[in-house]
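Raw final_38.txt, compact mmCIF, N, CA and C atoms:
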# COMPACT_ATOMS: atom_id res chain seq x y z
N MET A 1 -8.80 -9.75 -4.34
CA MET A 1 -7.44 -9.48 -3.89
C MET A 1 -6.49 -9.52 -5.07
N ILE A 2 -5.45 -8.74 -4.93
CA ILE A 2 -4.33 -8.78 -5.87
C ILE A 2 -3.10 -9.18 -5.08
N LEU A 3 -2.44 -10.23 -5.51
CA LEU A 3 -1.18 -10.64 -4.90
C LEU A 3 -0.08 -10.21 -5.86
N ASP A 4 0.58 -9.13 -5.52
CA ASP A 4 1.57 -8.48 -6.38
C ASP A 4 2.97 -8.98 -6.05
N GLY A 5 3.27 -10.18 -6.53
CA GLY A 5 4.59 -10.74 -6.31
C GLY A 5 4.78 -11.46 -4.99
N VAL A 6 3.70 -11.91 -4.36
CA VAL A 6 3.83 -12.74 -3.16
C VAL A 6 4.50 -14.03 -3.61
N GLN A 7 5.61 -14.36 -2.99
CA GLN A 7 6.46 -15.40 -3.54
C GLN A 7 6.33 -16.77 -2.88
N LYS A 8 6.02 -16.81 -1.62
CA LYS A 8 6.03 -18.08 -0.89
C LYS A 8 4.71 -18.84 -1.09
N PRO A 9 4.78 -20.08 -1.55
CA PRO A 9 3.57 -20.86 -1.79
C PRO A 9 2.65 -20.97 -0.57
N PHE A 10 3.22 -21.14 0.63
CA PHE A 10 2.36 -21.28 1.82
C PHE A 10 1.63 -19.97 2.12
N ASN A 11 2.21 -18.82 1.78
CA ASN A 11 1.50 -17.56 1.95
C ASN A 11 0.36 -17.43 0.95
N VAL A 12 0.60 -17.83 -0.28
CA VAL A 12 -0.46 -17.78 -1.29
C VAL A 12 -1.60 -18.72 -0.89
N GLY A 13 -1.26 -19.93 -0.47
CA GLY A 13 -2.29 -20.87 -0.02
C GLY A 13 -3.08 -20.35 1.17
N GLY A 14 -2.36 -19.77 2.13
CA GLY A 14 -3.03 -19.19 3.30
C GLY A 14 -3.95 -18.04 2.91
N LEU A 15 -3.50 -17.22 1.98
CA LEU A 15 -4.34 -16.10 1.53
C LEU A 15 -5.57 -16.59 0.75
N LEU A 16 -5.41 -17.66 0.00
CA LEU A 16 -6.58 -18.25 -0.67
C LEU A 16 -7.61 -18.73 0.36
N ARG A 17 -7.13 -19.34 1.43
CA ARG A 17 -8.04 -19.80 2.49
C ARG A 17 -8.73 -18.63 3.16
N SER A 18 -7.97 -17.61 3.50
CA SER A 18 -8.56 -16.43 4.14
C SER A 18 -9.53 -15.72 3.21
N ALA A 19 -9.16 -15.60 1.94
CA ALA A 19 -10.05 -14.95 0.97
C ALA A 19 -11.37 -15.71 0.87
N ALA A 20 -11.31 -17.03 0.84
CA ALA A 20 -12.54 -17.82 0.78
C ALA A 20 -13.34 -17.67 2.06
N ALA A 21 -12.66 -17.61 3.21
CA ALA A 21 -13.35 -17.47 4.49
C ALA A 21 -14.10 -16.14 4.59
N TYR A 22 -13.56 -15.10 3.97
CA TYR A 22 -14.18 -13.78 4.04
C TYR A 22 -14.92 -13.41 2.74
N ARG A 23 -15.28 -14.43 1.97
CA ARG A 23 -16.13 -14.31 0.79
C ARG A 23 -15.56 -13.43 -0.32
N ALA A 24 -14.25 -13.40 -0.45
CA ALA A 24 -13.67 -12.75 -1.62
C ALA A 24 -14.08 -13.57 -2.84
N GLU A 25 -14.21 -12.90 -3.95
CA GLU A 25 -14.68 -13.59 -5.15
C GLU A 25 -13.59 -13.82 -6.18
N THR A 26 -12.61 -12.91 -6.24
CA THR A 26 -11.61 -12.96 -7.30
C THR A 26 -10.24 -12.64 -6.73
N MET A 27 -9.22 -13.32 -7.27
CA MET A 27 -7.85 -13.03 -6.91
C MET A 27 -7.03 -12.92 -8.19
N TRP A 28 -6.29 -11.81 -8.30
CA TRP A 28 -5.38 -11.62 -9.42
C TRP A 28 -3.98 -11.90 -8.91
N LEU A 29 -3.22 -12.70 -9.66
CA LEU A 29 -1.89 -13.14 -9.25
C LEU A 29 -0.85 -12.57 -10.20
N VAL A 30 0.08 -11.81 -9.65
CA VAL A 30 1.13 -11.16 -10.43
C VAL A 30 2.43 -11.92 -10.21
N PRO A 31 3.10 -12.33 -11.28
CA PRO A 31 4.37 -13.05 -11.13
C PRO A 31 5.37 -12.26 -10.28
N PRO A 32 6.16 -12.94 -9.47
CA PRO A 32 6.38 -14.39 -9.43
C PRO A 32 5.44 -15.15 -8.49
N THR A 33 4.25 -14.61 -8.21
CA THR A 33 3.30 -15.31 -7.35
C THR A 33 3.00 -16.70 -7.93
N PRO A 34 3.20 -17.75 -7.15
CA PRO A 34 2.88 -19.09 -7.66
C PRO A 34 1.37 -19.26 -7.81
N LEU A 35 0.99 -20.05 -8.79
CA LEU A 35 -0.42 -20.27 -9.09
C LEU A 35 -1.04 -21.32 -8.18
N PRO A 36 -2.35 -21.25 -7.98
CA PRO A 36 -3.04 -22.24 -7.14
C PRO A 36 -2.94 -23.66 -7.67
N THR A 37 -2.59 -23.82 -8.93
CA THR A 37 -2.44 -25.16 -9.50
C THR A 37 -1.14 -25.83 -9.06
N GLU A 38 -0.22 -25.06 -8.49
CA GLU A 38 1.03 -25.65 -8.00
C GLU A 38 0.76 -26.44 -6.74
N LYS A 39 1.35 -27.61 -6.66
CA LYS A 39 1.09 -28.54 -5.56
C LYS A 39 1.32 -27.91 -4.19
N SER A 40 2.40 -27.14 -4.05
CA SER A 40 2.72 -26.56 -2.75
C SER A 40 1.71 -25.49 -2.32
N VAL A 41 1.12 -24.78 -3.29
CA VAL A 41 0.07 -23.80 -2.98
C VAL A 41 -1.21 -24.54 -2.62
N ALA A 42 -1.59 -25.50 -3.45
CA ALA A 42 -2.82 -26.25 -3.22
C ALA A 42 -2.79 -26.96 -1.86
N LYS A 43 -1.61 -27.43 -1.45
CA LYS A 43 -1.51 -28.12 -0.16
C LYS A 43 -1.90 -27.20 0.99
N SER A 44 -1.44 -25.95 0.98
CA SER A 44 -1.78 -25.05 2.08
C SER A 44 -3.14 -24.39 1.89
N ALA A 45 -3.66 -24.36 0.66
CA ALA A 45 -4.99 -23.78 0.41
C ALA A 45 -6.11 -24.73 0.82
N LEU A 46 -5.81 -26.01 0.95
CA LEU A 46 -6.77 -27.03 1.39
C LEU A 46 -8.07 -27.00 0.58
N GLY A 47 -7.95 -26.84 -0.73
CA GLY A 47 -9.13 -26.87 -1.61
C GLY A 47 -9.82 -25.54 -1.81
N CYS A 48 -9.41 -24.53 -1.07
CA CYS A 48 -10.08 -23.22 -1.16
C CYS A 48 -9.84 -22.53 -2.49
N GLU A 49 -8.83 -22.95 -3.24
CA GLU A 49 -8.58 -22.36 -4.56
C GLU A 49 -9.76 -22.59 -5.51
N ARG A 50 -10.60 -23.57 -5.19
CA ARG A 50 -11.78 -23.85 -6.03
C ARG A 50 -12.95 -22.94 -5.68
N LEU A 51 -12.85 -22.18 -4.61
CA LEU A 51 -13.97 -21.39 -4.12
C LEU A 51 -13.99 -19.95 -4.61
N LEU A 52 -12.97 -19.56 -5.37
CA LEU A 52 -12.95 -18.22 -5.93
C LEU A 52 -12.27 -18.25 -7.29
N GLN A 53 -12.55 -17.23 -8.08
CA GLN A 53 -11.90 -17.12 -9.38
C GLN A 53 -10.50 -16.57 -9.18
N TRP A 54 -9.58 -17.00 -9.99
CA TRP A 54 -8.25 -16.42 -9.94
C TRP A 54 -7.73 -16.27 -11.37
N HIS A 55 -6.93 -15.22 -11.53
CA HIS A 55 -6.39 -14.89 -12.86
C HIS A 55 -4.93 -14.53 -12.71
N GLU A 56 -4.11 -15.04 -13.60
CA GLU A 56 -2.72 -14.60 -13.65
C GLU A 56 -2.66 -13.35 -14.51
N THR A 57 -2.02 -12.30 -14.03
CA THR A 57 -1.88 -11.07 -14.79
C THR A 57 -0.41 -10.73 -14.92
N PRO A 58 -0.01 -10.02 -15.98
CA PRO A 58 1.42 -9.77 -16.20
C PRO A 58 2.05 -8.81 -15.20
N ASP A 59 1.24 -7.91 -14.63
CA ASP A 59 1.79 -6.93 -13.70
C ASP A 59 0.67 -6.38 -12.82
N GLY A 60 1.07 -5.68 -11.77
CA GLY A 60 0.11 -5.16 -10.81
C GLY A 60 -0.80 -4.09 -11.38
N VAL A 61 -0.29 -3.25 -12.26
CA VAL A 61 -1.13 -2.19 -12.84
C VAL A 61 -2.26 -2.80 -13.66
N THR A 62 -1.98 -3.86 -14.40
CA THR A 62 -3.03 -4.55 -15.16
C THR A 62 -4.06 -5.14 -14.21
N ALA A 63 -3.62 -5.70 -13.10
CA ALA A 63 -4.55 -6.26 -12.13
C ALA A 63 -5.41 -5.17 -11.50
N VAL A 64 -4.81 -4.03 -11.16
CA VAL A 64 -5.57 -2.92 -10.59
C VAL A 64 -6.62 -2.44 -11.59
N ARG A 65 -6.25 -2.32 -12.85
CA ARG A 65 -7.23 -1.91 -13.88
C ARG A 65 -8.38 -2.91 -13.96
N ALA A 66 -8.07 -4.19 -13.90
CA ALA A 66 -9.12 -5.22 -13.97
C ALA A 66 -10.07 -5.10 -12.78
N ALA A 67 -9.52 -4.87 -11.59
CA ALA A 67 -10.37 -4.70 -10.40
C ALA A 67 -11.24 -3.46 -10.53
N LYS A 68 -10.66 -2.37 -11.00
CA LYS A 68 -11.44 -1.13 -11.18
C LYS A 68 -12.51 -1.31 -12.26
N ASP A 69 -12.17 -2.01 -13.33
CA ASP A 69 -13.16 -2.29 -14.38
C ASP A 69 -14.32 -3.13 -13.85
N ALA A 70 -14.05 -3.92 -12.81
CA ALA A 70 -15.09 -4.73 -12.17
C ALA A 70 -15.87 -3.93 -11.13
N GLY A 71 -15.57 -2.63 -11.03
CA GLY A 71 -16.33 -1.76 -10.13
C GLY A 71 -15.80 -1.67 -8.71
N MET A 72 -14.58 -2.09 -8.50
CA MET A 72 -14.02 -2.09 -7.14
C MET A 72 -13.12 -0.88 -6.91
N SER A 73 -13.09 -0.44 -5.66
CA SER A 73 -12.03 0.48 -5.24
C SER A 73 -10.86 -0.40 -4.84
N VAL A 74 -9.65 0.11 -5.02
CA VAL A 74 -8.46 -0.71 -4.81
C VAL A 74 -7.60 -0.09 -3.71
N VAL A 75 -7.32 -0.90 -2.68
CA VAL A 75 -6.56 -0.45 -1.52
C VAL A 75 -5.34 -1.34 -1.34
N ALA A 76 -4.16 -0.73 -1.43
CA ALA A 76 -2.92 -1.47 -1.18
C ALA A 76 -2.65 -1.46 0.32
N ILE A 77 -2.21 -2.58 0.85
CA ILE A 77 -1.80 -2.69 2.24
C ILE A 77 -0.28 -2.60 2.23
N GLU A 78 0.21 -1.46 2.67
CA GLU A 78 1.64 -1.19 2.57
C GLU A 78 2.06 -0.14 3.59
N LEU A 79 3.27 -0.25 4.09
CA LEU A 79 3.81 0.74 5.02
C LEU A 79 4.51 1.83 4.20
N THR A 80 3.82 2.95 4.00
CA THR A 80 4.41 4.10 3.32
C THR A 80 4.14 5.34 4.17
N ALA A 81 4.86 6.40 3.87
CA ALA A 81 4.70 7.64 4.64
C ALA A 81 3.31 8.23 4.51
N ASP A 82 2.64 7.99 3.38
CA ASP A 82 1.30 8.58 3.16
C ASP A 82 0.16 7.58 3.36
N ALA A 83 0.46 6.44 3.94
CA ALA A 83 -0.59 5.43 4.17
C ALA A 83 -1.51 5.86 5.31
N THR A 84 -2.77 5.46 5.20
CA THR A 84 -3.80 5.74 6.18
C THR A 84 -4.06 4.49 7.02
N PRO A 85 -4.28 4.63 8.33
CA PRO A 85 -4.67 3.44 9.10
C PRO A 85 -5.92 2.81 8.46
N MET A 86 -5.90 1.53 8.26
CA MET A 86 -6.97 0.87 7.53
C MET A 86 -8.35 1.13 8.14
N PHE A 87 -8.43 1.15 9.46
CA PHE A 87 -9.73 1.33 10.09
C PHE A 87 -10.31 2.73 9.86
N GLU A 88 -9.51 3.68 9.39
CA GLU A 88 -10.01 5.02 9.10
C GLU A 88 -10.60 5.15 7.70
N LEU A 89 -10.36 4.19 6.83
CA LEU A 89 -10.90 4.22 5.48
C LEU A 89 -12.32 3.68 5.46
N ASP A 90 -13.18 4.31 4.68
CA ASP A 90 -14.51 3.76 4.40
C ASP A 90 -14.34 2.85 3.21
N LEU A 91 -14.23 1.56 3.47
CA LEU A 91 -13.88 0.61 2.42
C LEU A 91 -15.01 0.31 1.45
N GLY A 92 -16.24 0.46 1.88
CA GLY A 92 -17.35 0.18 0.99
C GLY A 92 -17.50 -1.30 0.69
N PRO A 93 -18.56 -1.65 -0.01
CA PRO A 93 -18.85 -3.07 -0.24
C PRO A 93 -17.99 -3.73 -1.31
N ASP A 94 -17.47 -2.95 -2.24
CA ASP A 94 -16.70 -3.52 -3.35
C ASP A 94 -15.27 -3.01 -3.31
N VAL A 95 -14.44 -3.73 -2.58
CA VAL A 95 -13.06 -3.32 -2.41
C VAL A 95 -12.13 -4.47 -2.79
N CYS A 96 -11.01 -4.12 -3.38
CA CYS A 96 -9.98 -5.09 -3.73
C CYS A 96 -8.73 -4.72 -2.95
N LEU A 97 -8.20 -5.65 -2.19
CA LEU A 97 -6.99 -5.44 -1.41
C LEU A 97 -5.77 -5.90 -2.18
N VAL A 98 -4.70 -5.13 -2.10
CA VAL A 98 -3.45 -5.47 -2.78
C VAL A 98 -2.39 -5.78 -1.73
N LEU A 99 -1.76 -6.92 -1.87
CA LEU A 99 -0.67 -7.33 -0.98
C LEU A 99 0.56 -7.60 -1.83
N GLY A 100 1.73 -7.29 -1.29
CA GLY A 100 2.95 -7.41 -2.07
C GLY A 100 3.91 -8.47 -1.57
N HIS A 101 5.08 -8.43 -2.16
CA HIS A 101 6.17 -9.35 -1.85
C HIS A 101 6.48 -9.32 -0.35
N GLU A 102 6.85 -10.45 0.18
CA GLU A 102 7.08 -10.61 1.60
C GLU A 102 8.11 -9.64 2.17
N GLU A 103 9.12 -9.28 1.39
CA GLU A 103 10.15 -8.37 1.88
C GLU A 103 10.11 -7.00 1.21
N ARG A 104 9.82 -6.96 -0.08
CA ARG A 104 9.87 -5.69 -0.83
C ARG A 104 8.53 -4.97 -0.91
N GLY A 105 7.46 -5.65 -0.57
CA GLY A 105 6.14 -5.03 -0.58
C GLY A 105 5.52 -4.93 -1.97
N VAL A 106 4.55 -4.05 -2.09
CA VAL A 106 3.83 -3.82 -3.35
C VAL A 106 4.73 -3.02 -4.28
N HIS A 107 4.76 -3.41 -5.56
CA HIS A 107 5.56 -2.69 -6.55
C HIS A 107 5.16 -1.21 -6.60
N ARG A 108 6.13 -0.36 -6.79
CA ARG A 108 5.90 1.08 -6.86
C ARG A 108 4.89 1.45 -7.95
N SER A 109 4.98 0.82 -9.10
CA SER A 109 4.04 1.12 -10.19
C SER A 109 2.61 0.73 -9.79
N THR A 110 2.47 -0.36 -9.06
CA THR A 110 1.15 -0.78 -8.59
C THR A 110 0.61 0.23 -7.60
N LEU A 111 1.46 0.67 -6.68
CA LEU A 111 1.04 1.66 -5.68
C LEU A 111 0.52 2.93 -6.36
N GLY A 112 1.13 3.31 -7.48
CA GLY A 112 0.71 4.50 -8.20
C GLY A 112 -0.66 4.36 -8.86
N ALA A 113 -1.14 3.14 -9.01
CA ALA A 113 -2.42 2.90 -9.69
C ALA A 113 -3.59 2.70 -8.74
N VAL A 114 -3.33 2.48 -7.44
CA VAL A 114 -4.41 2.17 -6.50
C VAL A 114 -5.15 3.44 -6.07
N ASP A 115 -6.32 3.25 -5.46
CA ASP A 115 -7.11 4.37 -4.95
C ASP A 115 -6.61 4.85 -3.59
N HIS A 116 -6.18 3.92 -2.75
CA HIS A 116 -5.73 4.25 -1.40
C HIS A 116 -4.59 3.32 -1.01
N ILE A 117 -3.77 3.80 -0.09
CA ILE A 117 -2.75 2.98 0.54
C ILE A 117 -3.07 2.98 2.04
N ALA A 118 -3.16 1.80 2.60
CA ALA A 118 -3.51 1.67 4.02
C ALA A 118 -2.47 0.81 4.73
N TYR A 119 -2.43 0.98 6.03
CA TYR A 119 -1.58 0.10 6.82
C TYR A 119 -2.37 -0.39 8.03
N LEU A 120 -1.88 -1.47 8.61
CA LEU A 120 -2.49 -2.06 9.79
C LEU A 120 -1.70 -1.59 11.00
N PRO A 121 -2.27 -0.71 11.82
CA PRO A 121 -1.53 -0.22 12.99
C PRO A 121 -1.17 -1.38 13.92
N GLN A 122 0.04 -1.33 14.44
CA GLN A 122 0.52 -2.36 15.35
C GLN A 122 0.99 -1.69 16.63
N LEU A 123 0.71 -2.34 17.74
CA LEU A 123 1.02 -1.76 19.03
C LEU A 123 2.29 -2.33 19.67
N GLY A 124 2.76 -3.42 19.14
CA GLY A 124 3.90 -4.09 19.74
C GLY A 124 5.23 -3.59 19.23
N LYS A 125 6.25 -4.40 19.44
CA LYS A 125 7.62 -4.03 19.10
C LYS A 125 8.03 -4.46 17.70
N VAL A 126 7.14 -5.17 16.99
CA VAL A 126 7.44 -5.65 15.65
C VAL A 126 6.79 -4.69 14.65
N GLY A 127 7.52 -4.33 13.60
CA GLY A 127 7.03 -3.33 12.66
C GLY A 127 6.22 -3.86 11.50
N SER A 128 6.22 -5.18 11.29
CA SER A 128 5.45 -5.71 10.17
C SER A 128 5.02 -7.14 10.48
N LEU A 129 4.05 -7.59 9.71
CA LEU A 129 3.52 -8.95 9.84
C LEU A 129 3.85 -9.77 8.61
N ASN A 130 3.76 -11.07 8.73
CA ASN A 130 3.80 -11.96 7.58
C ASN A 130 2.68 -11.55 6.63
N VAL A 131 2.91 -11.64 5.33
CA VAL A 131 1.93 -11.17 4.35
C VAL A 131 0.59 -11.91 4.47
N ALA A 132 0.61 -13.18 4.77
CA ALA A 132 -0.65 -13.91 4.92
C ALA A 132 -1.41 -13.44 6.16
N GLN A 133 -0.70 -13.16 7.23
CA GLN A 133 -1.34 -12.64 8.44
C GLN A 133 -1.91 -11.24 8.18
N ALA A 134 -1.11 -10.39 7.54
CA ALA A 134 -1.58 -9.03 7.24
C ALA A 134 -2.80 -9.08 6.32
N GLY A 135 -2.76 -9.95 5.32
CA GLY A 135 -3.89 -10.08 4.41
C GLY A 135 -5.15 -10.54 5.11
N THR A 136 -4.99 -11.47 6.03
CA THR A 136 -6.15 -11.96 6.79
C THR A 136 -6.74 -10.85 7.65
N LEU A 137 -5.89 -10.08 8.31
CA LEU A 137 -6.40 -8.96 9.11
C LEU A 137 -7.08 -7.91 8.24
N ALA A 138 -6.53 -7.64 7.07
CA ALA A 138 -7.14 -6.67 6.16
C ALA A 138 -8.49 -7.18 5.66
N LEU A 139 -8.57 -8.47 5.35
CA LEU A 139 -9.86 -9.06 4.95
C LEU A 139 -10.87 -8.95 6.08
N TYR A 140 -10.41 -9.20 7.30
CA TYR A 140 -11.30 -9.10 8.45
C TYR A 140 -11.84 -7.67 8.59
N GLU A 141 -10.98 -6.68 8.48
CA GLU A 141 -11.42 -5.29 8.61
C GLU A 141 -12.43 -4.94 7.51
N THR A 142 -12.20 -5.42 6.32
CA THR A 142 -13.14 -5.21 5.22
C THR A 142 -14.49 -5.82 5.56
N ALA A 143 -14.47 -7.06 6.05
CA ALA A 143 -15.71 -7.75 6.42
C ALA A 143 -16.39 -7.05 7.61
N ARG A 144 -15.60 -6.62 8.59
CA ARG A 144 -16.15 -5.93 9.75
C ARG A 144 -16.90 -4.68 9.33
N GLN A 145 -16.28 -3.90 8.45
CA GLN A 145 -16.96 -2.69 7.99
C GLN A 145 -18.23 -3.03 7.22
N ALA A 146 -18.21 -4.06 6.41
CA ALA A 146 -19.40 -4.45 5.66
C ALA A 146 -20.52 -4.88 6.61
N MET A 147 -20.17 -5.62 7.67
CA MET A 147 -21.18 -6.08 8.63
C MET A 147 -21.75 -4.92 9.43
N MET A 148 -20.90 -3.95 9.74
CA MET A 148 -21.32 -2.81 10.54
C MET A 148 -22.00 -1.73 9.69
N GLY A 149 -21.77 -1.78 8.40
CA GLY A 149 -22.37 -0.77 7.53
C GLY A 149 -21.61 0.54 7.49
N ASN A 150 -20.46 0.59 8.18
CA ASN A 150 -19.63 1.79 8.16
C ASN A 150 -18.24 1.45 8.69
N PRO A 151 -17.31 2.40 8.55
CA PRO A 151 -15.95 2.12 9.07
C PRO A 151 -15.91 2.21 10.59
Once more with this new file: its structure as structure tokens, please.
Amino acid sequence: MILDGVQKPFNVGGLLRSAAAYRAETMWLVPPTPLPTEKSVAKSALGCERLLQWHETPDGVTAVRAAKDAGMSVVAIELTADATPMFELDLGPDVCLVLGHEERGVHRSTLGAVDHIAYLPQLGKVGSLNVAQAGTLALYETARQAMMGNP
């Protein structure tokens, strides 16, 4: 996963827990994302920060390059006009999900570097989810496709 400016410590901690639950291996953290070593992040991560590698990177484009160099396809979870419903993408076994700032989303430069932009279709009256909730659902869809062997 790439956290591109996720700002709230409890969201970062929650995403670390979800990433560990769905067997993510690496997380790239783009400032101002707080690091797992910060007490408030570690408190909500409940020790899960020890279960995956994490790296601080200067910007989202650098993180996307690192994920691609590691052989991953990179999918940003973002509400844009050209985004594809996540369940329609064939995510494959090696995918890196990008999540952005709680209000502003993924940086535009980061979006320009990813392979795909996806969104999580919602049926209710609310147009967006908390970033930790959205990240958990995106991790679940990635795991579901891996278990099923297809999208």
Check which residues of range 44-124 of chain A sit at most 8 Å from range 16-31 of chain A using all atoms listed in the file, and return one row each with the closest pair of atoms and their distance in Å to one decimal, ordered by chain and rising number, as JSON lines.
{"residue": "A:Ser44", "atom": "C", "partner": "A:Arg17", "partner_atom": "N", "distance": 6.5}
{"residue": "A:Ala45", "atom": "CA", "partner": "A:Arg17", "partner_atom": "N", "distance": 5.0}
{"residue": "A:Leu46", "atom": "N", "partner": "A:Arg17", "partner_atom": "CA", "distance": 6.8}
{"residue": "A:Gly47", "atom": "C", "partner": "A:Arg17", "partner_atom": "CA", "distance": 7.4}
{"residue": "A:Cys48", "atom": "C", "partner": "A:Leu16", "partner_atom": "C", "distance": 5.2}
{"residue": "A:Glu49", "atom": "N", "partner": "A:Leu16", "partner_atom": "C", "distance": 5.7}
{"residue": "A:Arg50", "atom": "N", "partner": "A:Leu16", "partner_atom": "C", "distance": 7.9}
{"residue": "A:Leu51", "atom": "C", "partner": "A:Ala20", "partner_atom": "CA", "distance": 6.0}
{"residue": "A:Leu52", "atom": "CA", "partner": "A:Glu25", "partner_atom": "C", "distance": 4.5}
{"residue": "A:Gln53", "atom": "C", "partner": "A:Met27", "partner_atom": "N", "distance": 4.0}
{"residue": "A:Trp54", "atom": "CA", "partner": "A:Met27", "partner_atom": "C", "distance": 4.1}
{"residue": "A:His55", "atom": "C", "partner": "A:Leu29", "partner_atom": "N", "distance": 3.9}
{"residue": "A:Glu56", "atom": "CA", "partner": "A:Leu29", "partner_atom": "C", "distance": 4.4}
{"residue": "A:Thr57", "atom": "N", "partner": "A:Leu29", "partner_atom": "C", "distance": 4.0}
{"residue": "A:Pro58", "atom": "C", "partner": "A:Pro31", "partner_atom": "N", "distance": 5.4}
{"residue": "A:Asp59", "atom": "N", "partner": "A:Val30", "partner_atom": "CA", "distance": 5.3}
{"residue": "A:Gly60", "atom": "N", "partner": "A:Val30", "partner_atom": "CA", "distance": 5.6}
{"residue": "A:Ala63", "atom": "CA", "partner": "A:Trp28", "partner_atom": "CA", "distance": 6.1}
{"residue": "A:Val64", "atom": "N", "partner": "A:Trp28", "partner_atom": "CA", "distance": 7.8}
Checklist entry - Which distance in Å separates atom N of Val61 in chain A and atom C of His107 in chain A, to one decimal? => result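 Straight-line distance from atom N of Val61 in chain A to atom C of His107 in chain A works out to 8.1 Å.
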Item to check | Those of range 16-142 of chain A in DSSP strand (DSSP E or B), formatted as number ranges by chain | outcome: A: 26-30, 53-56, 73-77, 84-85, 95-101, 105, 116-119
Report as CSV the residues of range 16-71 of chain A within 8 Å of range 81-105 of chain A, each with its shortest atom pair and distance in Å (one decimal), using all atoms listed in the file, ordered by chain and increasing residue number.
residue,atom,partner,partner_atom,distance
A:Ala67,CA,A:Cys96,CA,6.7
A:Lys68,N,A:Cys96,CA,7.8
A:Ala70,C,A:Asp94,CA,7.8
A:Gly71,C,A:Asp94,C,5.6
Next on the checklist: So the first atom is CA of Gly13 in chain A and the second is CA of Val114 in chain A; what is the distance between them in Å, to one decimal place?
Outcome noted: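 Computed distance, CA of Gly13 in chain A to CA of Val114 in chain A, equals 24.0 Å.
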So that I can see what lies close to Val12 in chain A, please list as an mmCIF file with N, CA and C atoms, in the coordinates of the input the residues with an atom at most 8 Å from it, counting all atoms listed in the file and leaving out residues fewer than 6 positions away in the same chain.
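So the final result, stored in part_6.cif, reads:
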data_model
loop_
_atom_site.group_PDB
_atom_site.id
_atom_site.type_symbol
_atom_site.label_atom_id
_atom_site.label_comp_id
_atom_site.auth_asym_id
_atom_site.auth_seq_id
_atom_site.Cartn_x
_atom_site.Cartn_y
_atom_site.Cartn_z
ATOM 1 N N VAL A 6 3.700 -11.910 -4.360
ATOM 2 C CA VAL A 6 3.830 -12.740 -3.160
ATOM 3 C C VAL A 6 4.500 -14.030 -3.610
ATOM 4 N N SER A 18 -7.970 -17.610 3.500
ATOM 5 C CA SER A 18 -8.560 -16.430 4.140
ATOM 6 C C SER A 18 -9.530 -15.720 3.210
ATOM 7 N N THR A 33 4.250 -14.610 -8.210
ATOM 8 C CA THR A 33 3.300 -15.310 -7.350
ATOM 9 C C THR A 33 3.000 -16.700 -7.930
ATOM 10 N N PRO A 34 3.200 -17.750 -7.150
ATOM 11 C CA PRO A 34 2.880 -19.090 -7.660
ATOM 12 C C PRO A 34 1.370 -19.260 -7.810
ATOM 13 N N LEU A 35 0.990 -20.050 -8.790
ATOM 14 C CA LEU A 35 -0.420 -20.270 -9.090
ATOM 15 C C LEU A 35 -1.040 -21.320 -8.180
ATOM 16 N N PRO A 36 -2.350 -21.250 -7.980
ATOM 17 C CA PRO A 36 -3.040 -22.240 -7.140
ATOM 18 C C PRO A 36 -2.940 -23.660 -7.670
ATOM 19 N N SER A 40 2.400 -27.140 -4.050
ATOM 20 C CA SER A 40 2.720 -26.560 -2.750
ATOM 21 C C SER A 40 1.710 -25.490 -2.320
ATOM 22 N N VAL A 41 1.120 -24.780 -3.290
ATOM 23 C CA VAL A 41 0.070 -23.800 -2.980
ATOM 24 C C VAL A 41 -1.210 -24.540 -2.620
ATOM 25 N N ALA A 42 -1.590 -25.500 -3.450
ATOM 26 C CA ALA A 42 -2.820 -26.250 -3.220
ATOM 27 C C ALA A 42 -2.790 -26.960 -1.860
ATOM 28 N N SER A 44 -1.440 -25.950 0.980
ATOM 29 C CA SER A 44 -1.780 -25.050 2.080
ATOM 30 C C SER A 44 -3.140 -24.390 1.890
ATOM 31 N N ALA A 45 -3.660 -24.360 0.660
ATOM 32 C CA ALA A 45 -4.990 -23.780 0.410
ATOM 33 C C ALA A 45 -6.110 -24.730 0.820
ATOM 34 N N VAL A 131 2.910 -11.640 5.330
ATOM 35 C CA VAL A 131 1.930 -11.170 4.350
ATOM 36 C C VAL A 131 0.590 -11.910 4.470
ATOM 37 N N ALA A 132 0.610 -13.180 4.770
ATOM 38 C CA ALA A 132 -0.650 -13.910 4.920
ATOM 39 C C ALA A 132 -1.410 -13.440 6.160
#
Item to check | All residues 10 Å or closer to Glu141 in chain A, only C-alpha atoms, same chain fewer than 4 positions away omitted, as a list in words | outcome: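 What passes the distance filter is Met86, Phe87, Leu91, Leu120, Gly135, Thr136, Leu137, Gln145, Ala146, Met147 and Pro151 of chain A.
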Checklist entry - From the set A:Ile77, A:Leu3, A:Arg65, A:Gln122, which residue has the shortest atom-to-atom contact distance to Ala138 in chain A, counting only C-alpha atoms? => result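 Nearest candidate to Ala138 in chain A out of A:Ile77, A:Leu3, A:Arg65, A:Gln122: A:Ile77.
For the residues A:Ala76, A:Ala118, A:Ala143, A:Ala134, ranking by smallest atom-to-atom distance to Gly14 in chain A using only C-alpha atoms places A:Ala134 first.
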Checklist entry - So, counting only N, CA and C atoms, which residue among A:Lys43, A:Ser73, A:Ala113, A:Leu129 is closest to Pro9 in chain A? => result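 Distance minimum relative to Pro9 in chain A lands on A:Lys43.
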Item to check | DSSP helix (DSSP H, G or I) residues within range 45-85 of chain A, as a list in words | outcome: Ala45, Cys48, Glu49, Arg50, Leu51, Gly60, Val61, Thr62, Ala63, Val64, Arg65, Ala66, Ala67, Lys68 and Asp69 of chain A
Item to check | Atom pair CA of Glu38 in chain A / CA of Leu139 in chain A: separation (Å) | outcome: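 These atoms are spaced 23.7 Å apart.
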Next on the checklist: With distances taken over only N, CA and C atoms, which residue among A:Thr37, A:Asp69, A:Asn11, A:Gly5 lies nearest Asn130 in chain A?
Outcome noted: A:Asn11
